[in-house]
Amino acid sequence: MSEHPIYDLFVIGGGINGCGIARDAAGRGYSVALAEMNDFASGTSSGATKLIHGGLRYLEHYEFRLVREALMEREVLWQMAPHVIWPLRFVLPFQKGGIRPAWLIRLGLFLYDHLGGRKLLPATKTLDLRRDVAGRPLKPIFSKAFEYSDGWVDDARMVVLNARDAEIRGARILSRARVTSARREDGHWLITTKSQRNGSVETHRARMLVNAAGPWVDQVLAGAFGRNNVHNVRLVQGSHIVVRKKFSDPRAYFFQNPDNRIIFAIPYEGDFTLIGTTDQDYTGDPKDVRISAQEVDYLCNAASEYFQEPVRSEDIVWSYSGVRPLYDDGASKAQEATRDYVLKVEGQDGEPPLLNVFGGKLTTYRRLAEHAVEKIADAIGEKGKSWTAGSRLPGGDFDATAAASVVVDLIKAYPFIQRHHAERLVRCYGTDAKQILGAAQRIEDLGRYFGGTLYEAEVRWLVEREWAVSAEDVLWRRTKQGLFLTPEEAKGLDIYLRMGAAA
Ligand code: FAD
């Protein structure tokens, strides 16, 4: 058992909210430590639909504050991380006599275009699906659509880039360290972590504690803090399926279902289409969440209402599920529970404070972090001003509209790599791709080949710089190369990592 200095802040949870708060606070000069019990983004933050969006649907629930903040964040985040975030156009087909009249959708999209923050993203327009290529994969009953702008994010990469940046700014980042207890002692928090890799136990002291454990936020309060009867969040499961690509157009589709819900069909990792999501209350441990047969049927049926060629369960190549930790506002239906976040500080005068984070979206994580650090400043004293708007995440130091030229530069510097490999490296690492490829002059210089476009040089970077430990970390979170490797190839990577890749 070892002891460390007293941190200003100790953050529980390495999802987008915990990593975002740690980065913001470290950048303002607070001393920060963060513990993640598993891998970064292994909870909800890799299970999202991956949209940087205002949330058109939330307008129906009058969530104007959230929608406005989220709309404003789209371009702020795109500028901050133009490698892992990019604009996406959405095609919203509509039918006469459908569940929402055209005027209502048009009004929603008008608000969407004008509520704020849109400078580079193009405005909404109307499409004639009999002429536009977007109509080709759809059933001929759909003759009209609206096309509007939102953004796309590689969610798991955005999390790890926040963790890296927090570390670069001085934070201590602990992966696979579970917080097992937290109690107030001698005017500080005394926090115990247990390594999930070797069982070692550490204690840490901090002036303030942040509980950003996402869907585990109540479990942490009950387990680590020993509280009774904690019911702050409502857990809502959402699942996605991935099928071979249903269309070649770069635009995504927004489909309205007869039950008033919506799903998206999104171009995914070049060769695939991502379809989701569902919305149902969940009562188990968030780590056990899996897609159910009913959800598969629901998603296949909903998409098949629109696509000429039906989506069948046998077309599914991968699926994933996540649990939304929604602040429990007592709404009757899962899809009506608020998507906004709530930050609550606890602690009597003189006691070390605890900040609990409830809810939140990937899209609003930077603002959530700013609001959280404002509360931290109120509780333990101000250090620096807000700084993350206009900042860059590691590898994102290029103009938001210039991703294509970063790819061209990379191919010029490394003419032996194929275009789709260069594009993937830029989409994952931005300008850091050059550090990964280093002095390589031939493809063989990248070391062992694992399948897909994955070579040893990249795996070593992920182990040494991004805390990757297992094949799952590499194949399904740091990259999505899991979609391209055969089971034997994935096994080869697993053995390599178990034998100590970076040794
Ligand atoms: P998490 O990512 O779950 O992070 C919490 C972390 O805490 C976990 O990694 C966990 O391992 C760790 N932890 C728990 N207990 C402990 C402990 N005792 N010690 C140490 N660590 C611990 N948002 C959008 O903006 N756009 C979307 O398109 C979108 N789509 C979504 C679709 C679905 C199906 C879902 C489920 C969510 C979606 N969201 C979307 C919302 C977004 O994904 C979440 O709000 C966000 O990821 C929550 O992040 P978090 O950091 O709060 O939680």
# chains A, B, ... in the order shown; residues from 1 in each chain; ligands from 1
$ residues_around --residues "Val408 (chain A)" --least-positions-apart "5" --cutoff "12 Å" --atoms "only C-alpha atoms" --output "VMD selection string"
chain A and resid 402 to 403 413 to 415 417 to 423 425 to 426 431
$ residues_around --residues "region 352-363 of chain A" --least-positions-apart "2" --cutoff "8 Å" --atoms "only C-alpha atoms" --output "PyMOL selection string"
chain A and resi 16-17+45+50-54+70+73-74+77+155+184+187-189+207-214+217+232-233+324-327+339-348+350+365-366+368+372+376+379
$ closest_residue --among "A:Glu464, A:Asp150, A:Glu370, A:Asp132" --to "ligand 1" --atoms "only C-alpha atoms and all ligand atoms"
A:Asp150
$ residues_around --residues "Leu190 (chain A)" --least-positions-apart "3" --cutoff "7 Å" --atoms "only C-alpha atoms" --output "list of chain:residue names"
A:Ala182, A:Arg183, A:Arg184, A:Glu185, A:Thr203, A:His204, A:Arg205, A:Ala206
$ write_last_selection --atoms "N, CA, C and O atoms" --output "PDB file, in the first residue's frame"
ATOM      1  N   ALA A 182     -14.338   5.336  -0.526  1.00  0.00           N
ATOM      2  CA  ALA A 182     -14.032   6.772  -0.440  1.00  0.00           C
ATOM      3  C   ALA A 182     -14.660   7.279   0.850  1.00  0.00           C
ATOM      4  O   ALA A 182     -15.854   7.078   1.076  1.00  0.00           O
ATOM      5  N   ARG A 183     -13.837   7.894   1.697  1.00  0.00           N
ATOM      6  CA  ARG A 183     -14.409   8.445   2.931  1.00  0.00           C
ATOM      7  C   ARG A 183     -13.672   9.730   3.325  1.00  0.00           C
ATOM      8  O   ARG A 183     -12.531   9.962   2.909  1.00  0.00           O
ATOM      9  N   ARG A 184     -14.381  10.543   4.092  1.00  0.00           N
ATOM     10  CA  ARG A 184     -13.773  11.794   4.537  1.00  0.00           C
ATOM     11  C   ARG A 184     -12.925  11.514   5.765  1.00  0.00           C
ATOM     12  O   ARG A 184     -13.375  10.828   6.684  1.00  0.00           O
ATOM     13  N   GLU A 185     -11.682  12.005   5.765  1.00  0.00           N
ATOM     14  CA  GLU A 185     -10.811  11.786   6.924  1.00  0.00           C
ATOM     15  C   GLU A 185      -9.853  12.961   7.046  1.00  0.00           C
ATOM     16  O   GLU A 185      -9.204  13.327   6.056  1.00  0.00           O
ATOM     17  N   THR A 203      -3.843   4.045  -1.819  1.00  0.00           N
ATOM     18  CA  THR A 203      -4.734   5.072  -1.256  1.00  0.00           C
ATOM     19  C   THR A 203      -4.308   6.427  -1.805  1.00  0.00           C
ATOM     20  O   THR A 203      -3.130   6.648  -2.115  1.00  0.00           O
ATOM     21  N   HIS A 204      -5.292   7.295  -1.940  1.00  0.00           N
ATOM     22  CA  HIS A 204      -5.060   8.624  -2.502  1.00  0.00           C
ATOM     23  C   HIS A 204      -5.802   9.625  -1.631  1.00  0.00           C
ATOM     24  O   HIS A 204      -6.861   9.301  -1.094  1.00  0.00           O
ATOM     25  N   ARG A 205      -5.257  10.826  -1.541  1.00  0.00           N
ATOM     26  CA  ARG A 205      -5.971  11.867  -0.793  1.00  0.00           C
ATOM     27  C   ARG A 205      -6.299  13.016  -1.734  1.00  0.00           C
ATOM     28  O   ARG A 205      -5.501  13.341  -2.636  1.00  0.00           O
ATOM     29  N   ALA A 206      -7.469  13.596  -1.547  1.00  0.00           N
ATOM     30  CA  ALA A 206      -7.877  14.694  -2.420  1.00  0.00           C
ATOM     31  C   ALA A 206      -8.757  15.658  -1.646  1.00  0.00           C
ATOM     32  O   ALA A 206      -9.442  15.273  -0.705  1.00  0.00           O
TER      33      ALA A 206
END
$ atom_distance --atom1 "CA of Leu34 (chain A)" --atom2 "CA of Val236 (chain A)"
25.8 Å
$ select_by_dssp --residues "region 281-496 of chain A" --states "strand (DSSP E)" --output "list in words"
Asp281, Ile316, Val317, Trp318, Ser319, Tyr320, Ser321, Gly322, Val323, Arg324, Pro325, Leu326, Tyr327, Val342, Leu343, Lys344, Val345, Glu346, Leu354, Leu355, Asn356, Val357, Phe358, Tyr449, Phe450, Gly451, Leu454 and Tyr455 of chain A
$ select_by_dssp --residues "region 421-458 of chain A" --states "alpha helix (DSSP H)" --output "list of chain:residue names"
A:His421, A:Ala422, A:Glu423, A:Arg424, A:Leu425, A:Val426, A:Arg427, A:Cys428, A:Tyr429, A:Ala433, A:Lys434, A:Gln435, A:Ile436, A:Leu437, A:Glu456, A:Ala457, A:Glu458
$ closest_residue --among "A:Ile105, A:Val153, A:Met37, A:Ile99" --to "ligand 1" --atoms "only C-alpha atoms and all ligand atoms"
A:Met37
$ closest_residue --among "A:Phe110, A:Phe40, A:Phe225, A:Tyr449" --to "ligand 1" --atoms "only C-alpha atoms and all ligand atoms"
A:Phe40
$ closest_residue --among "A:Gly43, A:Gly97, A:Gly199, A:Gly29" --to "ligand 1" --atoms "only C-alpha atoms and all ligand atoms"
A:Gly43
$ closest_residue --among "A:Ala224, A:Met72, A:Leu115, A:Leu88" --to "ligand 1" --atoms "only C-alpha atoms and all ligand atoms"
A:Ala224
$ closest_residue --among "A:Ala471, A:Leu71, A:Val459, A:Val289" --to "Ser239 (chain A)" --atoms "only C-alpha atoms"
A:Val289
$ residues_around --residues "Ser31 (chain A)" --least-positions-apart "2" --cutoff "8 Å" --atoms "only C-alpha atoms" --output "list in words"
Tyr7, Asp8, Leu9, Ala25, Ala26, Gly29, Ala33, Gly170 and Ala171 of chain A
$ write_last_selection --atoms "all heavy atoms" --output "PDB file, in the first residue's frame"
ATOM      1  N   TYR A   7      -4.179  15.509  -3.863  1.00  0.00           N
ATOM      2  CA  TYR A   7      -4.648  16.107  -5.121  1.00  0.00           C
ATOM      3  C   TYR A   7      -5.743  17.125  -4.806  1.00  0.00           C
ATOM      4  O   TYR A   7      -6.488  16.969  -3.843  1.00  0.00           O
ATOM      5  CB  TYR A   7      -5.240  15.033  -6.040  1.00  0.00           C
ATOM      6  CG  TYR A   7      -4.232  13.994  -6.460  1.00  0.00           C
ATOM      7  CD1 TYR A   7      -4.266  12.716  -5.917  1.00  0.00           C
ATOM      8  CD2 TYR A   7      -3.251  14.291  -7.408  1.00  0.00           C
ATOM      9  CE1 TYR A   7      -3.330  11.751  -6.301  1.00  0.00           C
ATOM     10  CE2 TYR A   7      -2.316  13.338  -7.793  1.00  0.00           C
ATOM     11  CZ  TYR A   7      -2.363  12.075  -7.230  1.00  0.00           C
ATOM     12  OH  TYR A   7      -1.439  11.139  -7.606  1.00  0.00           O
ATOM     13  N   ASP A   8      -5.871  18.116  -5.688  1.00  0.00           N
ATOM     14  CA  ASP A   8      -7.032  19.003  -5.574  1.00  0.00           C
ATOM     15  C   ASP A   8      -8.300  18.201  -5.865  1.00  0.00           C
ATOM     16  O   ASP A   8      -9.323  18.387  -5.225  1.00  0.00           O
ATOM     17  CB  ASP A   8      -6.936  20.151  -6.596  1.00  0.00           C
ATOM     18  CG  ASP A   8      -5.831  21.134  -6.252  1.00  0.00           C
ATOM     19  OD1 ASP A   8      -5.611  21.365  -5.041  1.00  0.00           O
ATOM     20  OD2 ASP A   8      -5.182  21.651  -7.184  1.00  0.00           O
ATOM     21  N   LEU A   9      -8.160  17.320  -6.859  1.00  0.00           N
ATOM     22  CA  LEU A   9      -9.353  16.666  -7.392  1.00  0.00           C
ATOM     23  C   LEU A   9      -9.068  15.210  -7.697  1.00  0.00           C
ATOM     24  O   LEU A   9      -8.026  14.901  -8.294  1.00  0.00           O
ATOM     25  CB  LEU A   9      -9.636  17.366  -8.726  1.00  0.00           C
ATOM     26  CG  LEU A   9     -11.036  17.340  -9.258  1.00  0.00           C
ATOM     27  CD1 LEU A   9     -11.912  18.119  -8.288  1.00  0.00           C
ATOM     28  CD2 LEU A   9     -11.046  18.015 -10.632  1.00  0.00           C
ATOM     29  N   ALA A  25      -9.862  20.523 -15.772  1.00  0.00           N
ATOM     30  CA  ALA A  25      -9.318  20.942 -14.475  1.00  0.00           C
ATOM     31  C   ALA A  25      -7.788  20.977 -14.510  1.00  0.00           C
ATOM     32  O   ALA A  25      -7.171  21.930 -14.006  1.00  0.00           O
ATOM     33  CB  ALA A  25      -9.817  20.011 -13.379  1.00  0.00           C
ATOM     34  N   ALA A  26      -7.162  19.967 -15.114  1.00  0.00           N
ATOM     35  CA  ALA A  26      -5.689  19.939 -15.177  1.00  0.00           C
ATOM     36  C   ALA A  26      -5.184  21.140 -15.960  1.00  0.00           C
ATOM     37  O   ALA A  26      -4.199  21.783 -15.577  1.00  0.00           O
ATOM     38  CB  ALA A  26      -5.207  18.632 -15.809  1.00  0.00           C
ATOM     39  N   GLY A  29      -4.808  24.224 -13.981  1.00  0.00           N
ATOM     40  CA  GLY A  29      -3.792  24.256 -12.928  1.00  0.00           C
ATOM     41  C   GLY A  29      -4.139  23.478 -11.674  1.00  0.00           C
ATOM     42  O   GLY A  29      -3.380  23.500 -10.704  1.00  0.00           O
ATOM     43  N   ALA A  33      -6.164  13.589 -10.226  1.00  0.00           N
ATOM     44  CA  ALA A  33      -5.965  12.159 -10.503  1.00  0.00           C
ATOM     45  C   ALA A  33      -7.305  11.607 -10.968  1.00  0.00           C
ATOM     46  O   ALA A  33      -8.369  12.102 -10.585  1.00  0.00           O
ATOM     47  CB  ALA A  33      -5.495  11.432  -9.247  1.00  0.00           C
ATOM     48  N   GLY A 170      -0.615  17.243 -16.906  1.00  0.00           N
ATOM     49  CA  GLY A 170      -0.157  16.991 -15.536  1.00  0.00           C
ATOM     50  C   GLY A 170      -1.025  16.079 -14.698  1.00  0.00           C
ATOM     51  O   GLY A 170      -0.682  15.801 -13.541  1.00  0.00           O
ATOM     52  N   ALA A 171      -2.167  15.601 -15.224  1.00  0.00           N
ATOM     53  CA  ALA A 171      -3.031  14.734 -14.407  1.00  0.00           C
ATOM     54  C   ALA A 171      -2.407  13.342 -14.276  1.00  0.00           C
ATOM     55  O   ALA A 171      -1.683  12.889 -15.160  1.00  0.00           O
ATOM     56  CB  ALA A 171      -4.410  14.624 -15.044  1.00  0.00           C
TER      57      ALA A 171
END
$ decode --residues "region 348-382 of chain A" --atoms "N, CA, C and O atoms" --output "PDB file, in the first residue's frame"
ATOM      1  N   GLN A 348     -21.182  19.477   3.812  1.00  0.00           N
ATOM      2  CA  GLN A 348     -21.459  20.602   4.718  1.00  0.00           C
ATOM      3  C   GLN A 348     -20.256  21.537   4.707  1.00  0.00           C
ATOM      4  O   GLN A 348     -19.180  21.169   4.238  1.00  0.00           O
ATOM      5  N   ASP A 349     -20.458  22.741   5.273  1.00  0.00           N
ATOM      6  CA  ASP A 349     -19.349  23.697   5.378  1.00  0.00           C
ATOM      7  C   ASP A 349     -18.142  23.048   6.035  1.00  0.00           C
ATOM      8  O   ASP A 349     -18.278  22.403   7.066  1.00  0.00           O
ATOM      9  N   GLY A 350     -16.987  23.202   5.422  1.00  0.00           N
ATOM     10  CA  GLY A 350     -15.766  22.671   6.026  1.00  0.00           C
ATOM     11  C   GLY A 350     -15.493  21.222   5.654  1.00  0.00           C
ATOM     12  O   GLY A 350     -14.383  20.730   5.834  1.00  0.00           O
ATOM     13  N   GLU A 351     -16.505  20.527   5.138  1.00  0.00           N
ATOM     14  CA  GLU A 351     -16.283  19.125   4.734  1.00  0.00           C
ATOM     15  C   GLU A 351     -15.724  19.082   3.315  1.00  0.00           C
ATOM     16  O   GLU A 351     -16.121  19.906   2.481  1.00  0.00           O
ATOM     17  N   PRO A 352     -14.852  18.114   3.008  1.00  0.00           N
ATOM     18  CA  PRO A 352     -14.417  18.009   1.615  1.00  0.00           C
ATOM     19  C   PRO A 352     -15.611  17.677   0.704  1.00  0.00           C
ATOM     20  O   PRO A 352     -16.383  16.778   1.016  1.00  0.00           O
ATOM     21  N   PRO A 353     -15.791  18.442  -0.379  1.00  0.00           N
ATOM     22  CA  PRO A 353     -16.993  18.273  -1.191  1.00  0.00           C
ATOM     23  C   PRO A 353     -16.933  17.087  -2.169  1.00  0.00           C
ATOM     24  O   PRO A 353     -15.852  16.630  -2.560  1.00  0.00           O
ATOM     25  N   LEU A 354     -18.116  16.644  -2.553  1.00  0.00           N
ATOM     26  CA  LEU A 354     -18.281  15.579  -3.556  1.00  0.00           C
ATOM     27  C   LEU A 354     -19.177  16.134  -4.652  1.00  0.00           C
ATOM     28  O   LEU A 354     -20.235  16.698  -4.360  1.00  0.00           O
ATOM     29  N   LEU A 355     -18.736  15.988  -5.903  1.00  0.00           N
ATOM     30  CA  LEU A 355     -19.582  16.385  -7.035  1.00  0.00           C
ATOM     31  C   LEU A 355     -20.060  15.131  -7.750  1.00  0.00           C
ATOM     32  O   LEU A 355     -19.239  14.319  -8.203  1.00  0.00           O
ATOM     33  N   ASN A 356     -21.373  14.965  -7.834  1.00  0.00           N
ATOM     34  CA  ASN A 356     -21.942  13.841  -8.589  1.00  0.00           C
ATOM     35  C   ASN A 356     -22.396  14.333  -9.957  1.00  0.00           C
ATOM     36  O   ASN A 356     -23.035  15.381 -10.062  1.00  0.00           O
ATOM     37  N   VAL A 357     -22.068  13.539 -10.983  1.00  0.00           N
ATOM     38  CA  VAL A 357     -22.448  13.883 -12.362  1.00  0.00           C
ATOM     39  C   VAL A 357     -23.539  12.918 -12.804  1.00  0.00           C
ATOM     40  O   VAL A 357     -23.313  11.706 -12.826  1.00  0.00           O
ATOM     41  N   PHE A 358     -24.705  13.457 -13.156  1.00  0.00           N
ATOM     42  CA  PHE A 358     -25.808  12.614 -13.611  1.00  0.00           C
ATOM     43  C   PHE A 358     -26.147  12.979 -15.049  1.00  0.00           C
ATOM     44  O   PHE A 358     -26.364  14.151 -15.359  1.00  0.00           O
ATOM     45  N   GLY A 359     -26.228  11.976 -15.909  1.00  0.00           N
ATOM     46  CA  GLY A 359     -26.654  12.203 -17.293  1.00  0.00           C
ATOM     47  C   GLY A 359     -25.545  12.787 -18.142  1.00  0.00           C
ATOM     48  O   GLY A 359     -24.361  12.695 -17.812  1.00  0.00           O
ATOM     49  N   GLY A 360     -25.935  13.429 -19.252  1.00  0.00           N
ATOM     50  CA  GLY A 360     -24.951  14.028 -20.153  1.00  0.00           C
ATOM     51  C   GLY A 360     -24.933  13.324 -21.489  1.00  0.00           C
ATOM     52  O   GLY A 360     -25.407  12.197 -21.603  1.00  0.00           O
ATOM     53  N   LYS A 361     -24.393  14.030 -22.469  1.00  0.00           N
ATOM     54  CA  LYS A 361     -24.256  13.478 -23.824  1.00  0.00           C
ATOM     55  C   LYS A 361     -22.809  13.657 -24.253  1.00  0.00           C
ATOM     56  O   LYS A 361     -22.136  14.535 -23.754  1.00  0.00           O
ATOM     57  N   LEU A 362     -22.369  12.863 -25.214  1.00  0.00           N
ATOM     58  CA  LEU A 362     -21.031  13.086 -25.756  1.00  0.00           C
ATOM     59  C   LEU A 362     -20.934  14.535 -26.231  1.00  0.00           C
ATOM     60  O   LEU A 362     -19.948  15.227 -25.969  1.00  0.00           O
ATOM     61  N   THR A 363     -21.988  14.977 -26.916  1.00  0.00           N
ATOM     62  CA  THR A 363     -21.987  16.294 -27.552  1.00  0.00           C
ATOM     63  C   THR A 363     -21.777  17.426 -26.555  1.00  0.00           C
ATOM     64  O   THR A 363     -21.175  18.449 -26.889  1.00  0.00           O
ATOM     65  N   THR A 364     -22.279  17.248 -25.334  1.00  0.00           N
ATOM     66  CA  THR A 364     -22.225  18.358 -24.379  1.00  0.00           C
ATOM     67  C   THR A 364     -21.133  18.156 -23.325  1.00  0.00           C
ATOM     68  O   THR A 364     -21.080  18.894 -22.348  1.00  0.00           O
ATOM     69  N   TYR A 365     -20.245  17.159 -23.535  1.00  0.00           N
ATOM     70  CA  TYR A 365     -19.293  16.836 -22.458  1.00  0.00           C
ATOM     71  C   TYR A 365     -18.364  18.013 -22.131  1.00  0.00           C
ATOM     72  O   TYR A 365     -17.999  18.217 -20.974  1.00  0.00           O
ATOM     73  N   ARG A 366     -17.979  18.789 -23.142  1.00  0.00           N
ATOM     74  CA  ARG A 366     -17.030  19.881 -22.891  1.00  0.00           C
ATOM     75  C   ARG A 366     -17.690  20.959 -22.032  1.00  0.00           C
ATOM     76  O   ARG A 366     -17.083  21.483 -21.105  1.00  0.00           O
ATOM     77  N   ARG A 367     -18.974  21.238 -22.324  1.00  0.00           N
ATOM     78  CA  ARG A 367     -19.708  22.235 -21.526  1.00  0.00           C
ATOM     79  C   ARG A 367     -19.981  21.679 -20.130  1.00  0.00           C
ATOM     80  O   ARG A 367     -19.913  22.404 -19.144  1.00  0.00           O
ATOM     81  N   LEU A 368     -20.310  20.380 -20.080  1.00  0.00           N
ATOM     82  CA  LEU A 368     -20.524  19.759 -18.769  1.00  0.00           C
ATOM     83  C   LEU A 368     -19.255  19.912 -17.932  1.00  0.00           C
ATOM     84  O   LEU A 368     -19.305  20.276 -16.744  1.00  0.00           O
ATOM     85  N   ALA A 369     -18.100  19.663 -18.571  1.00  0.00           N
ATOM     86  CA  ALA A 369     -16.830  19.770 -17.836  1.00  0.00           C
ATOM     87  C   ALA A 369     -16.614  21.211 -17.368  1.00  0.00           C
ATOM     88  O   ALA A 369     -16.201  21.450 -16.226  1.00  0.00           O
ATOM     89  N   GLU A 370     -16.933  22.173 -18.239  1.00  0.00           N
ATOM     90  CA  GLU A 370     -16.782  23.583 -17.820  1.00  0.00           C
ATOM     91  C   GLU A 370     -17.669  23.904 -16.617  1.00  0.00           C
ATOM     92  O   GLU A 370     -17.216  24.528 -15.656  1.00  0.00           O
ATOM     93  N   HIS A 371     -18.924  23.434 -16.693  1.00  0.00           N
ATOM     94  CA  HIS A 371     -19.828  23.697 -15.570  1.00  0.00           C
ATOM     95  C   HIS A 371     -19.338  22.985 -14.311  1.00  0.00           C
ATOM     96  O   HIS A 371     -19.431  23.533 -13.205  1.00  0.00           O
ATOM     97  N   ALA A 372     -18.821  21.772 -14.481  1.00  0.00           N
ATOM     98  CA  ALA A 372     -18.322  21.023 -13.322  1.00  0.00           C
ATOM     99  C   ALA A 372     -17.147  21.779 -12.694  1.00  0.00           C
ATOM    100  O   ALA A 372     -17.081  21.924 -11.464  1.00  0.00           O
ATOM    101  N   VAL A 373     -16.233  22.283 -13.529  1.00  0.00           N
ATOM    102  CA  VAL A 373     -15.059  22.964 -12.965  1.00  0.00           C
ATOM    103  C   VAL A 373     -15.461  24.294 -12.317  1.00  0.00           C
ATOM    104  O   VAL A 373     -14.855  24.720 -11.336  1.00  0.00           O
ATOM    105  N   GLU A 374     -16.536  24.921 -12.827  1.00  0.00           N
ATOM    106  CA  GLU A 374     -17.044  26.120 -12.128  1.00  0.00           C
ATOM    107  C   GLU A 374     -17.475  25.746 -10.705  1.00  0.00           C
ATOM    108  O   GLU A 374     -17.211  26.471  -9.748  1.00  0.00           O
ATOM    109  N   LYS A 375     -18.144  24.596 -10.588  1.00  0.00           N
ATOM    110  CA  LYS A 375     -18.598  24.170  -9.248  1.00  0.00           C
ATOM    111  C   LYS A 375     -17.400  23.801  -8.378  1.00  0.00           C
ATOM    112  O   LYS A 375     -17.386  24.060  -7.170  1.00  0.00           O
ATOM    113  N   ILE A 376     -16.395  23.205  -9.003  1.00  0.00           N
ATOM    114  CA  ILE A 376     -15.175  22.851  -8.270  1.00  0.00           C
ATOM    115  C   ILE A 376     -14.506  24.131  -7.755  1.00  0.00           C
ATOM    116  O   ILE A 376     -14.081  24.215  -6.600  1.00  0.00           O
ATOM    117  N   ALA A 377     -14.464  25.153  -8.637  1.00  0.00           N
ATOM    118  CA  ALA A 377     -13.848  26.437  -8.242  1.00  0.00           C
ATOM    119  C   ALA A 377     -14.616  27.050  -7.068  1.00  0.00           C
ATOM    120  O   ALA A 377     -14.012  27.567  -6.122  1.00  0.00           O
ATOM    121  N   ASP A 378     -15.964  26.973  -7.119  1.00  0.00           N
ATOM    122  CA  ASP A 378     -16.764  27.515  -6.005  1.00  0.00           C
ATOM    123  C   ASP A 378     -16.443  26.780  -4.716  1.00  0.00           C
ATOM    124  O   ASP A 378     -16.435  27.369  -3.639  1.00  0.00           O
ATOM    125  N   ALA A 379     -16.198  25.477  -4.837  1.00  0.00           N
ATOM    126  CA  ALA A 379     -16.035  24.661  -3.628  1.00  0.00           C
ATOM    127  C   ALA A 379     -14.620  24.723  -3.063  1.00  0.00           C
ATOM    128  O   ALA A 379     -14.444  24.784  -1.843  1.00  0.00           O
ATOM    129  N   ILE A 380     -13.585  24.709  -3.918  1.00  0.00           N
ATOM    130  CA  ILE A 380     -12.225  24.638  -3.360  1.00  0.00           C
ATOM    131  C   ILE A 380     -11.333  25.798  -3.799  1.00  0.00           C
ATOM    132  O   ILE A 380     -10.141  25.807  -3.539  1.00  0.00           O
ATOM    133  N   GLY A 381     -11.933  26.749  -4.513  1.00  0.00           N
ATOM    134  CA  GLY A 381     -11.143  27.918  -4.923  1.00  0.00           C
ATOM    135  C   GLY A 381     -10.808  27.878  -6.408  1.00  0.00           C
ATOM    136  O   GLY A 381     -10.494  26.824  -6.952  1.00  0.00           O
ATOM    137  N   GLU A 382     -10.858  29.082  -7.016  1.00  0.00           N
ATOM    138  CA  GLU A 382     -10.642  29.157  -8.458  1.00  0.00           C
ATOM    139  C   GLU A 382      -9.150  29.071  -8.787  1.00  0.00           C
ATOM    140  O   GLU A 382      -8.319  29.593  -8.053  1.00  0.00           O
TER     141      GLU A 382
END
